[in-house]
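What follows is a set of notes on a single structure, which appears directly below.
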Amino acid sequence: MTWPLLLLITAPAVAGLSTLATRSRRAVDALQCALAGTMFVAAALVVETVIADGRASVGQFFHADALSAWLDLTIGMVGATGTLYAVGYVGEQADRGHVSFSRVRHFFCLFDLYLAAMLTAVNVENIAIMWIALEGSTLSAALLIGFERSKAALEAGWKYIMLSSVGIALALFGTIIMYYASEHVLGVTSDALRWSELYRVAGSLDPASVKLAFIFAMIGYGTKAGVAPMHTWLPDAHAEAPTAVSAMLSANMLTVAVYAILRFKAVADRTVGPWFSGRLLVGLGLLSVTIAAAFLLVQRDYKRLFAYSSIEHIGIALIGFGIGGPGVFAAAWHLLNHALAKSTAFYASGMVLLRHQHKVLDRVPGLLRQMPLAGGALLAAGLALAGMPPFGLFVSEVLIAAGTYAAHPGVAYAFLALLAIAFATLLYPVLRMVLGAPLTPGLALSDRNRGFISTAVWLNLAALGAIGLQVPAGLGTLLNSIVGIFTAAVEMP
């Protein structure tokens with residue numbers, strides 16, 4: 001079937017543009033709920049098609065292999081719950097008079113176009129069109145980050161667009177160099193920009209050009225992925241953006257940027273072997289986990305706390321992809337579980353923010369007693385992000401640690417020490433928030449908006465618990481296919 005892939009990509013764009021023509025809040029809410037259901041079903045059908053047939057495509061433009069389908073699943077699931085959550089979150093802001101109906105429409109137009117750009121990036125066959133789609137996501141995200149128009153939000157939006165523009169420019173250089181290498185083999189043709197053709201002729205490409213292309217792509221797209229030391233935009237953007245946007249940035253945008261790096265890695269591995277990209281990814285991954293573990297210790301803003309946690313988990317995934325072999329399996333599994341856990345954490349944080357109107361974690365104890373759903377979701381997400389069983393992040397971190405130990409024990413010891421620090425520095429503030437006695441009653445949410453928000457949280461918790469310690473059979477097949485895209489494990493120095 002080809003129509004689910006086309007529906008998955010076009011539905012957010014159509015919904016976003018249609019939102020501008022709506023005349024009532026209820027029409028906006030109904031349109032967004034329809035979009036959420038459509039994305040989830042279409043993503044599931046794309047994954048089913050790829051598992052059965054190995055691929056799904058629409059002509060020569062859109063193509064989904066196992067790696068694309070994995071990102072479709074992640075964006076489809078979290079995008080669906082994020083859309084439902086945004087309906088309640090922005091609706092509550094509108095009911096309190098903080099945003100007008102016109103701005104509600106503009107928010108959902110940008111939000112939906114943001115999802116469409118990410119879905120286009122992970123399903124397009126052309127390396128240059130992928131770059132254009134990611135640039136489109138940058139523009140949408142920048143406007144969403146500054147949506148609340150406070151001084152801090154506008155500064156965060158400008159910081160994001162400036163650093164991301166530098167990153168995307170470096171990624172463009174990498175794209176041009178990759179085309180330069182492939183054009184000498186395939187000729188001046190659009191096939192020289194197609195991933196499938198690049199994989200086919202990778203052994204004939206100039207090794208020096210491919211290495212340079214990978215370095216530019218890794219730094220450029222790594223900036224969008226929040227990889228240290230290019231991560232400085234991320235805490236500000238996550239803290240100041242509307243919470244639904246924070247969840248999409250952390251769960252989807254960072255993952256899509258990692259996807260772009262992996263596409264270049266797959267070409268580089270076939271040209272120069274996995275050792276080159278593997279060592280770079282492991283090094284940047286360890287640096288990201290180190291910086292995140294240190295900064296988690298001093299956070300007093302609960303949204304910034306989870307922002308630094310995102311840097312940590314992207315670093316963990318890079319280490320898995322860097323060591324190769326079973327590490328690729330574990331890292332891909334890690335990305336999906338992180339997306340579910342981190343979006344759950346942000347959804348719960350948004351509920352706290354709507355009630356208490358501030359982000360100071362020292363002033364919101366006793367959430368389990370005051371807000372059972374938000375407190376319970378924060379506790380579950382915190383345990384998952386800390387790598388505790390019975391959540392999937394525990395499994396992926398154990399597998400990555402084992403793979404790293406097999407490649408180089410010294411790196412594995414450093415990795416485990418950093419995980420222990422990050423475990424304590426994340427879980428301690430989370431426990432302070434959920435335990436104890438509440439300080440102030442705060443503002444109650446309206447029943448209608450609370451219904452949308454609660455539905456999103458429950459769906460995320462159900463998905464996070466369902467996959468838990470066992471990889472479903474169909475998803476296991478997909479993960480094994482992703483491993484096949486990359487070559488054997490890397491020999492660390």
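Ligands are numbered from 1 in the order shown, chains are lettered A, B, ... in the order of the structure tokens, and residues start at 1 in each chain.
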- Message: Give me the residues near Thr19 (chain A) as JSON, numbers by chain, where near means some atom within 7 Å (using only C-alpha atoms) and where sequence neighbours in that chain fewer than 6 positions away do not count.
- Response: {"A": [28, 105, 108, 109]}
- So which residues touch Ser24 (chain A) within 12 Å, counting only C-alpha atoms, skipping near sequence neighbours fewer than 6 positions away, as an MDAnalysis selection string? chainID A and resid 30:31 91 100:102 104:105
Can those selected residues be exported to a file as a PDB file, in the first residue's frame so that it contains all heavy atoms?
```pdb
ATOM      1  N   ALA A  30     -11.918  19.924  16.674  1.00  0.00           N
ATOM      2  CA  ALA A  30     -12.339  18.735  15.925  1.00  0.00           C
ATOM      3  C   ALA A  30     -11.342  18.405  14.824  1.00  0.00           C
ATOM      4  O   ALA A  30     -11.007  17.228  14.603  1.00  0.00           O
ATOM      5  CB  ALA A  30     -13.733  18.974  15.325  1.00  0.00           C
ATOM      6  N   LEU A  31     -10.835  19.422  14.137  1.00  0.00           N
ATOM      7  CA  LEU A  31      -9.867  19.200  13.066  1.00  0.00           C
ATOM      8  C   LEU A  31      -8.573  18.607  13.611  1.00  0.00           C
ATOM      9  O   LEU A  31      -8.007  17.674  13.027  1.00  0.00           O
ATOM     10  CB  LEU A  31      -9.590  20.526  12.352  1.00  0.00           C
ATOM     11  CG  LEU A  31      -8.660  20.483  11.136  1.00  0.00           C
ATOM     12  CD1 LEU A  31      -9.219  19.586  10.044  1.00  0.00           C
ATOM     13  CD2 LEU A  31      -8.430  21.895  10.595  1.00  0.00           C
ATOM     14  N   GLY A  91      -6.020  25.550  24.511  1.00  0.00           N
ATOM     15  CA  GLY A  91      -7.400  25.878  24.851  1.00  0.00           C
ATOM     16  C   GLY A  91      -7.515  26.489  26.225  1.00  0.00           C
ATOM     17  O   GLY A  91      -8.287  27.432  26.449  1.00  0.00           O
ATOM     18  N   SER A 100      -5.638  34.974  21.873  1.00  0.00           N
ATOM     19  CA  SER A 100      -6.886  35.173  21.138  1.00  0.00           C
ATOM     20  C   SER A 100      -7.162  33.976  20.237  1.00  0.00           C
ATOM     21  O   SER A 100      -6.281  33.137  19.993  1.00  0.00           O
ATOM     22  CB  SER A 100      -6.791  36.435  20.285  1.00  0.00           C
ATOM     23  OG  SER A 100      -5.781  36.287  19.294  1.00  0.00           O
ATOM     24  N   PHE A 101      -8.377  33.908  19.702  1.00  0.00           N
ATOM     25  CA  PHE A 101      -8.721  32.810  18.794  1.00  0.00           C
ATOM     26  C   PHE A 101      -7.865  32.857  17.534  1.00  0.00           C
ATOM     27  O   PHE A 101      -7.467  31.824  16.998  1.00  0.00           O
ATOM     28  CB  PHE A 101     -10.205  32.877  18.421  1.00  0.00           C
ATOM     29  CG  PHE A 101     -10.611  31.881  17.376  1.00  0.00           C
ATOM     30  CD1 PHE A 101     -10.479  30.517  17.596  1.00  0.00           C
ATOM     31  CD2 PHE A 101     -11.105  32.306  16.151  1.00  0.00           C
ATOM     32  CE1 PHE A 101     -10.835  29.592  16.626  1.00  0.00           C
ATOM     33  CE2 PHE A 101     -11.465  31.389  15.171  1.00  0.00           C
ATOM     34  CZ  PHE A 101     -11.335  30.030  15.415  1.00  0.00           C
ATOM     35  N   SER A 102      -7.560  34.063  17.075  1.00  0.00           N
ATOM     36  CA  SER A 102      -6.695  34.198  15.897  1.00  0.00           C
ATOM     37  C   SER A 102      -5.337  33.578  16.150  1.00  0.00           C
ATOM     38  O   SER A 102      -4.797  32.857  15.292  1.00  0.00           O
ATOM     39  CB  SER A 102      -6.536  35.676  15.538  1.00  0.00           C
ATOM     40  OG  SER A 102      -5.623  35.835  14.471  1.00  0.00           O
ATOM     41  N   VAL A 104      -4.710  31.225  18.349  1.00  0.00           N
ATOM     42  CA  VAL A 104      -4.913  29.777  18.451  1.00  0.00           C
ATOM     43  C   VAL A 104      -4.812  29.142  17.067  1.00  0.00           C
ATOM     44  O   VAL A 104      -4.144  28.113  16.875  1.00  0.00           O
ATOM     45  CB  VAL A 104      -6.274  29.460  19.102  1.00  0.00           C
ATOM     46  CG1 VAL A 104      -6.597  27.969  18.972  1.00  0.00           C
ATOM     47  CG2 VAL A 104      -6.274  29.863  20.562  1.00  0.00           C
ATOM     48  N   ARG A 105      -5.455  29.747  16.087  1.00  0.00           N
ATOM     49  CA  ARG A 105      -5.383  29.228  14.716  1.00  0.00           C
ATOM     50  C   ARG A 105      -3.964  29.271  14.181  1.00  0.00           C
ATOM     51  O   ARG A 105      -3.510  28.315  13.535  1.00  0.00           O
ATOM     52  CB  ARG A 105      -6.315  30.023  13.808  1.00  0.00           C
ATOM     53  CG  ARG A 105      -7.797  29.845  14.106  1.00  0.00           C
ATOM     54  CD  ARG A 105      -8.663  30.473  13.031  1.00  0.00           C
ATOM     55  NE  ARG A 105      -8.375  31.907  12.903  1.00  0.00           N
ATOM     56  CZ  ARG A 105      -8.924  32.691  11.989  1.00  0.00           C
ATOM     57  NH1 ARG A 105      -9.774  32.188  11.111  1.00  0.00           N
ATOM     58  NH2 ARG A 105      -8.632  33.975  11.950  1.00  0.00           N
TER      59      ARG A 105
END
```
For the interface of region 300-413 of chain A with region 427-432 of chain A (cut-off 9 Å, counting only C-alpha atoms), please tabulate each contacting residue of region 300-413 of chain A alongside its nearest pair of atoms and their separation in Å to one decimal, rows sorted by chain and increasing number, as a Markdown table.
```
| residue | atom | partner | partner_atom | distance |
| --- | --- | --- | --- | --- |
| A:Arg300 | CA | A:Pro429 | CA | 8.5 |
| A:Tyr302 | CA | A:Pro429 | CA | 8.3 |
| A:Leu305 | CA | A:Pro429 | CA | 8.7 |
| A:Leu361 | CA | A:Pro429 | CA | 7.4 |
| A:Asp362 | CA | A:Arg432 | CA | 7.5 |
| A:Val364 | CA | A:Arg432 | CA | 8.4 |
| A:Pro365 | CA | A:Arg432 | CA | 6.0 |
| A:Gly366 | CA | A:Arg432 | CA | 7.9 |
| A:Leu378 | CA | A:Val430 | CA | 7.1 |
| A:Leu379 | CA | A:Val430 | CA | 6.8 |
| A:Gly382 | CA | A:Leu427 | CA | 6.1 |
| A:Leu383 | CA | A:Leu427 | CA | 7.0 |
| A:Leu385 | CA | A:Leu427 | CA | 8.6 |
| A:Ala386 | CA | A:Leu427 | CA | 6.5 |
```
- Task: Excluding Val78 (chain A) and any residue of its chain fewer than 6 positions from it, enumerate the residues within 12 Å of it, using only C-alpha atoms, and give them as a ChimeraX atom specification.
- Result: /A:36-37,39-40,43,71-72,84-86,115,244-245,247-253,255,335-344,346-347,456-457,459-461,463-464
Those same residues - C-alpha atoms - I'd like them written as a compact mmCIF listing (two decimals), in the first residue's frame.
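Now in out_27.txt:
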```
# COMPACT_ATOMS: atom_id res chain seq x y z
CA ALA A 36 -4.25 13.01 15.65
CA GLY A 37 -6.22 9.88 14.78
CA MET A 39 -1.47 10.32 11.93
CA PHE A 40 -1.57 7.41 14.36
CA ALA A 43 1.90 5.60 10.82
CA LEU A 71 10.77 7.53 12.66
CA ASP A 72 7.23 7.48 11.22
CA LEU A 84 -4.39 16.20 21.56
CA TYR A 85 -2.36 17.72 24.38
CA ALA A 86 -1.95 20.99 22.47
CA LEU A 115 4.90 17.91 11.96
CA ALA A 244 3.30 20.98 23.68
CA VAL A 245 6.10 22.40 21.52
CA ALA A 247 7.50 17.88 23.92
CA MET A 248 7.71 17.86 20.10
CA LEU A 249 11.18 19.41 20.12
CA SER A 250 12.54 16.83 22.53
CA ALA A 251 10.70 13.74 21.35
CA ASN A 252 10.58 14.33 17.58
CA MET A 253 12.86 17.12 16.39
CA THR A 255 15.23 12.31 16.79
CA LEU A 335 14.99 6.75 20.65
CA LEU A 336 11.40 5.48 20.62
CA ASN A 337 11.25 4.95 24.38
CA HIS A 338 12.88 8.29 25.05
CA ALA A 339 10.33 10.02 22.82
CA LEU A 340 7.46 8.48 24.78
CA ALA A 341 8.99 9.08 28.22
CA LYS A 342 10.17 12.64 27.54
CA SER A 343 6.91 13.76 25.97
CA THR A 344 5.10 12.30 29.00
CA PHE A 346 6.69 17.50 29.41
CA TYR A 347 2.94 16.83 29.28
CA ALA A 456 -2.76 12.46 25.86
CA VAL A 457 -1.00 11.59 29.11
CA LEU A 459 -2.14 7.24 25.94
CA ASN A 460 1.56 7.94 26.39
CA LEU A 461 1.70 6.06 29.69
CA ALA A 463 2.34 2.95 25.21
CA LEU A 464 5.34 3.35 27.51
```
Show me, as a PDB file with all heavy atoms, in the first residue's frame, the residues that have an atom within 10 Å of Gln60 (chain A) when counting only C-alpha atoms, minus same-chain residues fewer than 5 positions from it.
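File result_28.pdb, as written:
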```pdb
ATOM      1  N   VAL A 124      11.539  11.310   2.554  1.00  0.00           N
ATOM      2  CA  VAL A 124      11.918  11.722   1.211  1.00  0.00           C
ATOM      3  C   VAL A 124      13.184  10.967   0.791  1.00  0.00           C
ATOM      4  O   VAL A 124      14.065  10.694   1.610  1.00  0.00           O
ATOM      5  CB  VAL A 124      12.116  13.246   1.156  1.00  0.00           C
ATOM      6  CG1 VAL A 124      13.415  13.672   1.835  1.00  0.00           C
ATOM      7  CG2 VAL A 124      12.042  13.759  -0.250  1.00  0.00           C
ATOM      8  N   GLU A 125      13.251  10.609  -0.470  1.00  0.00           N
ATOM      9  CA  GLU A 125      14.368   9.828  -0.991  1.00  0.00           C
ATOM     10  C   GLU A 125      15.557  10.704  -1.364  1.00  0.00           C
ATOM     11  O   GLU A 125      16.686  10.225  -1.460  1.00  0.00           O
ATOM     12  CB  GLU A 125      13.875   9.047  -2.230  1.00  0.00           C
ATOM     13  CG  GLU A 125      14.929   8.312  -3.031  1.00  0.00           C
ATOM     14  CD  GLU A 125      15.446   7.050  -2.374  1.00  0.00           C
ATOM     15  OE1 GLU A 125      15.163   6.849  -1.181  1.00  0.00           O
ATOM     16  OE2 GLU A 125      16.145   6.277  -3.032  1.00  0.00           O
ATOM     17  N   ASN A 126      15.321  11.991  -1.541  1.00  0.00           N
ATOM     18  CA  ASN A 126      16.340  12.896  -2.050  1.00  0.00           C
ATOM     19  C   ASN A 126      17.055  13.595  -0.895  1.00  0.00           C
ATOM     20  O   ASN A 126      16.422  14.201  -0.024  1.00  0.00           O
ATOM     21  CB  ASN A 126      15.671  13.929  -2.973  1.00  0.00           C
ATOM     22  CG  ASN A 126      16.664  14.804  -3.695  1.00  0.00           C
ATOM     23  OD1 ASN A 126      17.336  15.626  -3.087  1.00  0.00           O
ATOM     24  ND2 ASN A 126      16.740  14.631  -5.010  1.00  0.00           N
ATOM     25  N   ARG A 194      19.979  10.605  -4.504  1.00  0.00           N
ATOM     26  CA  ARG A 194      19.059   9.614  -3.939  1.00  0.00           C
ATOM     27  C   ARG A 194      19.809   8.696  -2.974  1.00  0.00           C
ATOM     28  O   ARG A 194      20.889   8.194  -3.288  1.00  0.00           O
ATOM     29  CB  ARG A 194      18.402   8.785  -5.041  1.00  0.00           C
ATOM     30  CG  ARG A 194      17.422   9.574  -5.900  1.00  0.00           C
ATOM     31  CD  ARG A 194      17.036   8.789  -7.147  1.00  0.00           C
ATOM     32  NE  ARG A 194      16.445   7.501  -6.835  1.00  0.00           N
ATOM     33  CZ  ARG A 194      15.151   7.311  -6.556  1.00  0.00           C
ATOM     34  NH1 ARG A 194      14.317   8.343  -6.568  1.00  0.00           N
ATOM     35  NH2 ARG A 194      14.692   6.119  -6.275  1.00  0.00           N
TER      36      ARG A 194
END
```
Would you pick out the contacts of Gly350 (chain A) at 12 Å or less, using only C-alpha atoms, so that residues sharing its chain but fewer than 6 positions from it are not included, and give the list as an mmCIF file with C-alpha atoms, in the first residue's frame?
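Once everything was written out, this is result.cif:
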```
data_model
loop_
_atom_site.group_PDB
_atom_site.id
_atom_site.type_symbol
_atom_site.label_atom_id
_atom_site.label_comp_id
_atom_site.auth_asym_id
_atom_site.auth_seq_id
_atom_site.Cartn_x
_atom_site.Cartn_y
_atom_site.Cartn_z
ATOM 1 C CA GLY A 82 1.039 15.948 21.281
ATOM 2 C CA TYR A 85 -2.363 17.716 24.379
ATOM 3 C CA ALA A 86 -1.948 20.990 22.474
ATOM 4 C CA GLY A 88 -6.163 21.188 25.811
ATOM 5 C CA TYR A 89 -3.083 23.255 26.666
ATOM 6 C CA VAL A 90 -3.664 26.082 24.175
ATOM 7 C CA GLU A 92 -6.768 26.528 28.529
ATOM 8 C CA GLN A 93 -4.573 29.509 27.680
ATOM 9 C CA HIS A 238 12.569 23.777 25.752
ATOM 10 C CA ALA A 239 12.037 25.935 28.824
ATOM 11 C CA GLU A 240 10.349 28.874 27.082
ATOM 12 C CA ALA A 241 8.311 27.197 24.339
ATOM 13 C CA PRO A 242 4.666 26.246 24.948
ATOM 14 C CA THR A 243 4.819 22.859 26.629
ATOM 15 C CA ALA A 244 3.298 20.982 23.683
ATOM 16 C CA VAL A 245 6.102 22.402 21.522
ATOM 17 C CA SER A 246 8.720 21.470 24.132
ATOM 18 C CA ALA A 247 7.502 17.882 23.916
ATOM 19 C CA TYR A 302 11.636 21.680 35.882
ATOM 20 C CA LYS A 303 11.329 22.234 32.128
ATOM 21 C CA PHE A 306 14.004 17.676 31.259
ATOM 22 C CA SER A 343 6.909 13.760 25.970
ATOM 23 C CA THR A 344 5.099 12.301 29.001
ATOM 24 C CA HIS A 356 0.877 26.977 39.392
ATOM 25 C CA GLN A 357 1.953 29.523 36.741
ATOM 26 C CA HIS A 358 5.692 29.072 37.355
ATOM 27 C CA LYS A 359 8.500 26.569 36.631
ATOM 28 C CA ALA A 374 0.482 14.803 36.690
ATOM 29 C CA GLY A 375 2.424 13.542 39.707
ATOM 30 C CA ALA A 377 3.095 10.699 35.091
ATOM 31 C CA LEU A 378 6.133 12.672 36.280
ATOM 32 C CA LEU A 445 -8.140 23.457 34.731
ATOM 33 C CA ARG A 450 -8.313 18.693 31.242
ATOM 34 C CA ILE A 453 -4.643 16.766 28.310
ATOM 35 C CA SER A 454 -5.446 13.699 30.406
ATOM 36 C CA ALA A 456 -2.761 12.459 25.860
ATOM 37 C CA VAL A 457 -1.003 11.588 29.110
#
```
- Query: Excluding same-chain residues fewer than 3 positions from region 2-17 of chain A, what lies within 6 Å of it counting only C-alpha atoms, as a VMD selection string?
  - Reply: chain A and resid 20 39 42 46 57 to 58 109 112 to 113 116 119
Save out the residues we just selected, N, CA, C and O atoms, as a PDB file, in the first residue's frame.
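Now in result25.pdb:
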```pdb
ATOM      1  N   LEU A  20      -6.542  27.674   9.367  1.00  0.00           N
ATOM      2  CA  LEU A  20      -6.636  29.116   9.158  1.00  0.00           C
ATOM      3  C   LEU A  20      -8.015  29.546   8.673  1.00  0.00           C
ATOM      4  O   LEU A  20      -8.385  30.710   8.811  1.00  0.00           O
ATOM      5  N   MET A  39      -2.916  10.546  11.860  1.00  0.00           N
ATOM      6  CA  MET A  39      -1.473  10.316  11.931  1.00  0.00           C
ATOM      7  C   MET A  39      -1.159   8.976  12.578  1.00  0.00           C
ATOM      8  O   MET A  39      -0.290   8.230  12.106  1.00  0.00           O
ATOM      9  N   ALA A  42      -2.236   6.109  10.129  1.00  0.00           N
ATOM     10  CA  ALA A  42      -1.385   6.089   8.938  1.00  0.00           C
ATOM     11  C   ALA A  42       0.023   5.609   9.276  1.00  0.00           C
ATOM     12  O   ALA A  42       0.621   4.826   8.527  1.00  0.00           O
ATOM     13  N   VAL A  46       1.901   2.342   7.706  1.00  0.00           N
ATOM     14  CA  VAL A  46       3.215   2.425   7.041  1.00  0.00           C
ATOM     15  C   VAL A  46       4.167   1.415   7.653  1.00  0.00           C
ATOM     16  O   VAL A  46       4.879   0.699   6.928  1.00  0.00           O
ATOM     17  N   SER A  57       6.532   3.175  -0.704  1.00  0.00           N
ATOM     18  CA  SER A  57       6.973   4.300  -1.518  1.00  0.00           C
ATOM     19  C   SER A  57       5.795   4.917  -2.251  1.00  0.00           C
ATOM     20  O   SER A  57       4.760   4.284  -2.470  1.00  0.00           O
ATOM     21  N   VAL A  58       5.985   6.179  -2.619  1.00  0.00           N
ATOM     22  CA  VAL A  58       5.039   6.906  -3.454  1.00  0.00           C
ATOM     23  C   VAL A  58       5.847   7.461  -4.621  1.00  0.00           C
ATOM     24  O   VAL A  58       6.544   8.468  -4.480  1.00  0.00           O
ATOM     25  N   CYS A 109      -1.684  26.037  12.980  1.00  0.00           N
ATOM     26  CA  CYS A 109      -1.154  26.023  11.621  1.00  0.00           C
ATOM     27  C   CYS A 109       0.344  25.744  11.653  1.00  0.00           C
ATOM     28  O   CYS A 109       0.845  24.860  10.936  1.00  0.00           O
ATOM     29  N   ASP A 112       1.100  22.081  12.998  1.00  0.00           N
ATOM     30  CA  ASP A 112       0.841  21.034  12.011  1.00  0.00           C
ATOM     31  C   ASP A 112       1.876  21.068  10.887  1.00  0.00           C
ATOM     32  O   ASP A 112       2.329  20.003  10.407  1.00  0.00           O
ATOM     33  N   LEU A 113       2.258  22.249  10.441  1.00  0.00           N
ATOM     34  CA  LEU A 113       3.286  22.355   9.401  1.00  0.00           C
ATOM     35  C   LEU A 113       4.636  21.853   9.914  1.00  0.00           C
ATOM     36  O   LEU A 113       5.430  21.290   9.155  1.00  0.00           O
ATOM     37  N   ALA A 116       4.443  18.191   9.579  1.00  0.00           N
ATOM     38  CA  ALA A 116       4.539  17.831   8.159  1.00  0.00           C
ATOM     39  C   ALA A 116       5.974  17.905   7.672  1.00  0.00           C
ATOM     40  O   ALA A 116       6.432  17.041   6.898  1.00  0.00           O
ATOM     41  N   LEU A 119       7.922  14.849   9.004  1.00  0.00           N
ATOM     42  CA  LEU A 119       7.530  13.627   8.313  1.00  0.00           C
ATOM     43  C   LEU A 119       8.052  13.606   6.884  1.00  0.00           C
ATOM     44  O   LEU A 119       8.433  12.554   6.366  1.00  0.00           O
TER      45      LEU A 119
END
```
- Task: List every residue of region 420-492 of chain A that DSSP, applied to the backbone, labels as alpha helix (DSSP H), and write the result as a PyMOL selection string.
- Result: chain A and resi 420-434+447-467+473-485
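Residues in contact with region 272-280 of chain A at up to 6 Å, not including ones fewer than 2 positions away on its chain and judged by only C-alpha atoms, are Pro207, Ala268, Asp269, Arg270, Val282, Gly283, Gly322, Ile323 and Val490 of chain A.
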- Task: Apply DSSP to the backbone of this structure and, from region 43-149 of chain A, keep only the residues in strand (DSSP E); write these as a VMD selection string.
- Result: chain A and resid 56 to 58 62 to 64
Once you have the residues from the selection above, write them out as a compact mmCIF listing (two decimals), in the first residue's frame, restricted to N, CA and C atoms.
```txt
# COMPACT_ATOMS: atom_id res chain seq x y z
N ALA A 56 7.97 1.05 1.66
CA ALA A 56 6.73 1.68 1.21
C ALA A 56 7.16 2.92 0.43
N SER A 57 6.53 3.18 -0.70
CA SER A 57 6.97 4.30 -1.52
C SER A 57 5.79 4.92 -2.25
N VAL A 58 5.98 6.18 -2.62
CA VAL A 58 5.04 6.91 -3.45
C VAL A 58 5.85 7.46 -4.62
N PHE A 62 8.81 9.88 -2.44
CA PHE A 62 8.73 9.44 -1.05
C PHE A 62 9.06 7.95 -0.98
N HIS A 63 9.88 7.63 -0.01
CA HIS A 63 10.30 6.25 0.17
C HIS A 63 10.55 6.00 1.64
N ALA A 64 9.98 4.93 2.17
CA ALA A 64 10.18 4.58 3.57
C ALA A 64 10.79 3.19 3.67
```
Mind running region 323-371 of chain A against region 401-410 of chain A at 10 Å and telling me each contacting residue's nearest atom pair with the distance in Å (one decimal), counting only C-alpha atoms, chain and number ascending, as a tab-separated table?
```
residue	atom	partner	partner_atom	distance
A:Ile323	CA	A:Thr404	CA	6.4
A:Gly324	CA	A:Gly403	CA	8.2
A:Gly325	CA	A:Gly403	CA	8.1
A:Pro326	CA	A:Gly403	CA	6.7
A:Gly327	CA	A:Gly403	CA	5.9
A:Val328	CA	A:Gly403	CA	9.7
A:Ala330	CA	A:Gly403	CA	9.3
```
- Query: Between A:Cys33, A:Ala293, A:Ala66, A:Leu469, which is the closest to Gly484 (chain A) once you count only C-alpha atoms?
  - Reply: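 Comparing A:Cys33, A:Ala293, A:Ala66, A:Leu469 against Gly484 (chain A), the winner is A:Ala66.
Between CA of Asp301 (chain A) and CA of Ala462 (chain A) the separation is 27.1 Å.
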- Quick one: pull the distance between CA of Ala317 (chain A) and CA of Pro235 (chain A), Å, one decimal. 18.8 Å
